[in-house]
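This is start_9.txt (compact mmCIF, C-alpha atoms).
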```txt
# COMPACT_ATOMS: atom_id res chain seq x y z
CA MET A 898 -24.10 39.08 56.96
CA ALA A 899 -27.32 38.06 55.30
CA GLY A 900 -27.73 39.27 51.77
CA ILE A 901 -24.16 38.71 50.64
CA SER A 902 -24.18 36.43 47.62
CA SER A 903 -21.08 34.29 47.69
CA ASP A 904 -19.54 30.87 47.85
CA VAL A 905 -17.76 31.93 51.04
CA MET A 906 -18.84 30.18 54.23
CA PHE A 907 -19.18 32.29 57.35
CA VAL A 908 -17.90 30.40 60.41
CA ARG A 909 -18.11 31.54 64.03
CA TRP A 910 -14.74 31.17 65.74
CA PRO A 911 -14.07 29.25 67.96
CA ALA A 912 -17.64 27.91 68.37
CA GLN A 913 -17.72 26.25 64.92
CA THR A 914 -14.25 24.73 64.85
CA ASP A 915 -15.62 21.48 63.36
CA LEU A 916 -17.30 23.41 60.51
CA ARG A 917 -14.02 25.26 59.86
CA ASN A 918 -12.16 21.95 59.62
CA ARG A 919 -14.75 20.46 57.24
CA CYS A 920 -14.61 23.54 55.01
CA LYS A 921 -10.82 23.43 54.99
CA ARG A 922 -10.84 19.73 54.07
CA ASP A 923 -13.35 20.34 51.25
CA GLY A 924 -11.58 23.45 49.91
CA VAL A 925 -14.49 25.77 50.75
CA PRO A 926 -13.44 29.41 51.21
CA ARG A 927 -14.37 30.65 54.65
CA LEU A 928 -14.46 33.84 56.64
CA LEU A 929 -14.09 33.27 60.36
CA VAL A 930 -16.08 35.64 62.52
CA VAL A 931 -14.07 35.84 65.73
CA GLU A 932 -16.24 35.96 68.83
CA ALA A 933 -15.71 38.68 71.42
CA GLY A 934 -12.72 37.99 73.64
CA ALA A 935 -11.47 35.04 71.55
CA ARG A 936 -7.99 34.99 70.07
CA PRO A 937 -8.04 34.91 66.27
CA PRO A 938 -6.62 31.76 64.70
CA VAL A 939 -3.53 31.61 62.55
CA CYS A 940 -4.80 31.54 58.95
CA ASN A 941 -2.21 29.98 56.66
CA ASP A 942 -4.73 28.80 54.07
CA PRO A 943 -5.33 31.20 51.14
CA PHE A 944 -9.05 30.32 51.29
CA GLU A 945 -9.42 31.52 54.86
CA ASP A 946 -9.54 34.93 56.48
CA TRP A 947 -10.98 36.31 59.68
CA VAL A 948 -12.80 39.38 60.96
CA ARG A 949 -13.92 40.53 64.37
CA ALA A 950 -17.53 41.64 64.74
CA PRO A 951 -18.78 44.27 64.42
CA ILE A 952 -17.33 44.97 60.99
CA ALA A 953 -18.26 47.64 58.48
CA ARG A 954 -20.22 46.32 55.51
CA ALA A 955 -17.64 47.65 53.01
CA ASP A 956 -14.82 45.85 54.87
CA LEU A 957 -16.83 42.62 55.00
CA ASP A 958 -17.61 42.81 51.28
CA ALA A 959 -13.93 43.41 50.51
CA ARG A 960 -12.84 40.34 52.52
CA VAL A 961 -15.47 38.16 50.81
CA ARG A 962 -14.43 39.40 47.34
CA ALA A 963 -10.77 38.72 48.13
CA LEU A 964 -11.57 35.11 49.09
CA GLN A 965 -13.72 34.64 45.98
CA ASN A 966 -10.94 36.01 43.75
CA ARG A 967 -8.44 33.57 45.23
CA LEU A 968 -10.82 30.72 44.48
CA ASP A 969 -11.64 31.95 40.96
CA HIS A 970 -7.98 32.23 40.00
CA ARG A 971 -7.36 28.58 40.88
CA GLN A 972 -10.23 27.23 38.83
CA THR A 973 -9.75 25.81 35.39
CA PRO A 974 -12.46 24.66 33.02
CA THR A 975 -13.02 20.95 32.40
CA LEU A 976 -14.39 19.19 29.36
CA ASP A 977 -15.71 15.64 29.42
CA SER A 978 -15.88 13.14 26.57
CA ALA A 979 -19.55 13.99 25.92
CA GLY A 980 -18.68 17.64 25.21
CA THR A 981 -19.86 19.07 28.53
CA LEU A 982 -17.77 22.08 29.51
CA THR A 983 -17.83 22.90 33.22
CA PHE A 984 -16.44 25.99 34.89
CA GLY A 985 -17.41 26.82 38.45
CA PRO A 986 -21.17 26.41 38.80
CA HIS A 987 -21.77 26.61 35.03
CA SER A 988 -22.03 23.76 32.52
CA ILE A 989 -22.71 23.91 28.79
CA THR A 990 -22.49 21.42 25.96
CA VAL A 991 -20.42 22.04 22.86
CA SER A 992 -20.36 20.39 19.44
CA ASN A 993 -17.74 17.83 18.38
CA VAL A 994 -15.77 20.44 16.45
CA GLN A 995 -16.01 22.90 19.33
CA THR A 996 -14.83 20.13 21.68
CA GLU A 997 -11.66 19.75 19.62
CA LEU A 998 -10.94 23.48 19.85
CA MET A 999 -11.89 23.71 23.54
CA GLU A 1000 -9.51 20.89 24.42
CA LEU A 1001 -6.69 22.98 23.01
CA PHE A 1002 -7.90 26.11 24.82
CA ILE A 1003 -8.14 24.25 28.13
CA GLU A 1004 -4.65 22.75 27.71
CA HIS A 1005 -3.36 26.32 27.36
CA TYR A 1006 -5.87 28.03 29.68
CA GLY A 1007 -4.92 31.69 30.16
CA GLU A 1008 -2.26 31.49 27.43
CA VAL A 1009 -2.26 32.32 23.73
CA VAL A 1010 -3.31 29.49 21.43
CA TYR A 1011 -1.89 30.29 18.03
CA ARG A 1012 -4.10 30.33 14.94
CA HIS A 1013 -2.03 27.66 13.22
CA GLU A 1014 -2.52 25.31 16.20
CA LEU A 1015 -6.28 25.87 16.09
CA THR A 1016 -6.33 25.38 12.32
CA GLN A 1017 -4.40 22.10 12.67
CA ARG A 1018 -6.88 20.90 15.31
CA LEU A 1019 -9.80 21.98 13.10
CA ALA A 1020 -8.30 20.00 10.19
CA GLU A 1021 -8.90 16.81 12.22
CA ARG A 1022 -12.66 17.39 11.89
CA VAL A 1023 -13.12 19.61 8.82
CA GLN A 1024 -11.68 19.06 5.35
CA ARG A 1025 -9.50 21.98 4.20
CA PRO A 1026 -10.24 24.44 7.00
CA THR A 1027 -9.98 28.08 5.96
CA ARG A 1028 -9.31 31.23 7.91
CA ASN A 1029 -13.02 32.04 7.68
CA SER A 1030 -14.07 28.61 9.00
CA LEU A 1031 -11.82 29.05 12.05
CA ASP A 1032 -13.24 32.54 12.63
CA LEU A 1033 -16.76 31.12 12.37
CA HIS A 1034 -16.05 28.39 14.93
CA ILE A 1035 -14.47 30.92 17.32
CA MET A 1036 -17.53 33.18 16.96
CA ARG A 1037 -19.84 30.24 17.75
CA LEU A 1038 -17.72 29.22 20.74
CA ARG A 1039 -17.82 32.77 22.08
CA ARG A 1040 -21.63 32.68 21.92
CA ARG A 1041 -21.75 29.25 23.62
CA LEU A 1042 -19.56 30.58 26.45
CA LEU A 1043 -21.87 33.52 27.28
CA PRO A 1044 -23.66 31.72 30.18
CA THR A 1045 -20.29 30.88 31.77
CA ASP A 1046 -17.63 33.10 33.27
CA LEU A 1047 -15.29 32.28 30.38
CA VAL A 1048 -14.36 34.37 27.35
CA ILE A 1049 -12.18 33.91 24.29
CA ARG A 1050 -10.15 37.05 23.67
CA THR A 1051 -8.27 37.85 20.49
CA ALA A 1052 -4.50 38.09 20.75
CA TRP A 1053 -4.06 40.24 17.65
CA GLY A 1054 -1.70 38.79 15.07
CA ARG A 1055 -1.19 35.60 17.07
CA GLY A 1056 -4.35 33.75 18.06
CA TYR A 1057 -6.79 33.58 20.96
CA VAL A 1058 -6.81 33.24 24.75
CA LEU A 1059 -9.44 31.44 26.87
CA GLU A 1060 -9.70 33.15 30.25
CA THR A 1061 -12.03 34.08 33.06
CA GLU A 1062 -14.34 37.01 32.38
CA VAL A 1063 -13.33 39.84 34.68
CA GLY A 1064 -16.50 41.62 35.59
```
Represent the supplied structure as structure tokens.
Amino acid sequence: MAGISSDVMFVRWPAQTDLRNRCKRDGVPRLLVVEAGARPPVCNDPFEDWVRAPIARADLDARVRALQNRLDHRQTPTLDSAGTLTFGPHSITVSNVQTELMELFIEHYGEVVYRHELTQRLAERVQRPTRNSLDLHIMRLRRRLLPTDLVIRTAWGRGYVLETEVG
């Protein structure tokens, strides 16, 4: 199991029952490795799965990816009053104008934010915003988001969508 890069905790079952309970309480995704002869537990938590050793590497990787995907799909970005945007393990700072736009994107995370809504929000910080000024701010936001797992996609003819980068 060494060498797998993940946020998934590997827990021996039933030997590490206490660790399983702590992970469950803290919302940590976990893969239970069922010891020989032990009955597997009932897993009713979407952040938990189990395998019995020995397991093929491809099967193990698939189980870990499935747990990570469940966790990723429940995450939403946060933005504090100082302009620090946090998503998963990543944090970046954004300008005051970018903060205004990001607040709108986060409110509608995964949904289309229409150009007129963004322009109205931009008007709170910039006098007479133009189509080009909005495009410029979106371009700058896209660059700022590069270190994160977030992207702003164009919804042609409507606006933009903030979503998780699928890689």
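With atom CA of A:Pro926 on one side and atom CA of A:Leu968 on the other, the separation reads 7.3 Å.
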Using all atoms listed in the file, the residue out of A:Gly985, A:Pro911, A:Gly980, A:Gly1056 with shortest distance to A:Arg936 is A:Pro911
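For the set A:Arg1028, A:Arg954, A:Arg1040, A:Arg960, the residue with the smallest atom-to-atom gap to A:Leu928 is A:Arg960, counting only C-alpha atoms.
Compared by their closest atoms to A:Ala979, and using all atoms listed in the file, the residues A:Val991, A:Val1023, A:Leu1038, A:Ala959 rank with A:Val991 nearest.
Using all atoms listed in the file, the shortest contact distance between A:Gly1007 and any of A:Gln995, A:Leu1047, A:Arg1039, A:Asp946 is found at A:Leu1047.
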List as a PyMOL selection string the protein and nucleic acid residues near A:Gly934, meaning an atom at most 12 Å away when only C-alpha atoms are counted, but skip any in the same chain fewer than 3 places from it.
chain A and resi 910-911+930-931+937+949-950
> So which residues are close to (-16.3, 24.5, 32.1), meaning at most 12 Å away in the file's coordinates with all atoms listed in the file counted, and can you show them as a PyMOL selection string?
Replying inline: chain A and resi 972-977+980-991+996+999-1000+1002-1003+1006+1041-1048+1059-1061
Dig up all the protein and nucleic acid residues within 9 Å of (-10.4, 38.0, 50.4) in the file frame, using only C-alpha atoms, and format them as a PDB file with C-alpha atoms, keeping the file's coordinate frame.
```pdb
ATOM      1  CA  LEU A 928     -14.460  33.840  56.640  1.00  0.00           C
ATOM      2  CA  PRO A 943      -5.330  31.200  51.140  1.00  0.00           C
ATOM      3  CA  PHE A 944      -9.050  30.320  51.290  1.00  0.00           C
ATOM      4  CA  GLU A 945      -9.420  31.520  54.860  1.00  0.00           C
ATOM      5  CA  ASP A 946      -9.540  34.930  56.480  1.00  0.00           C
ATOM      6  CA  ASP A 958     -17.610  42.810  51.280  1.00  0.00           C
ATOM      7  CA  ALA A 959     -13.930  43.410  50.510  1.00  0.00           C
ATOM      8  CA  ARG A 960     -12.840  40.340  52.520  1.00  0.00           C
ATOM      9  CA  VAL A 961     -15.470  38.160  50.810  1.00  0.00           C
ATOM     10  CA  ARG A 962     -14.430  39.400  47.340  1.00  0.00           C
ATOM     11  CA  ALA A 963     -10.770  38.720  48.130  1.00  0.00           C
ATOM     12  CA  LEU A 964     -11.570  35.110  49.090  1.00  0.00           C
ATOM     13  CA  GLN A 965     -13.720  34.640  45.980  1.00  0.00           C
ATOM     14  CA  ASN A 966     -10.940  36.010  43.750  1.00  0.00           C
ATOM     15  CA  ARG A 967      -8.440  33.570  45.230  1.00  0.00           C
TER      16      ARG A 967
END
```
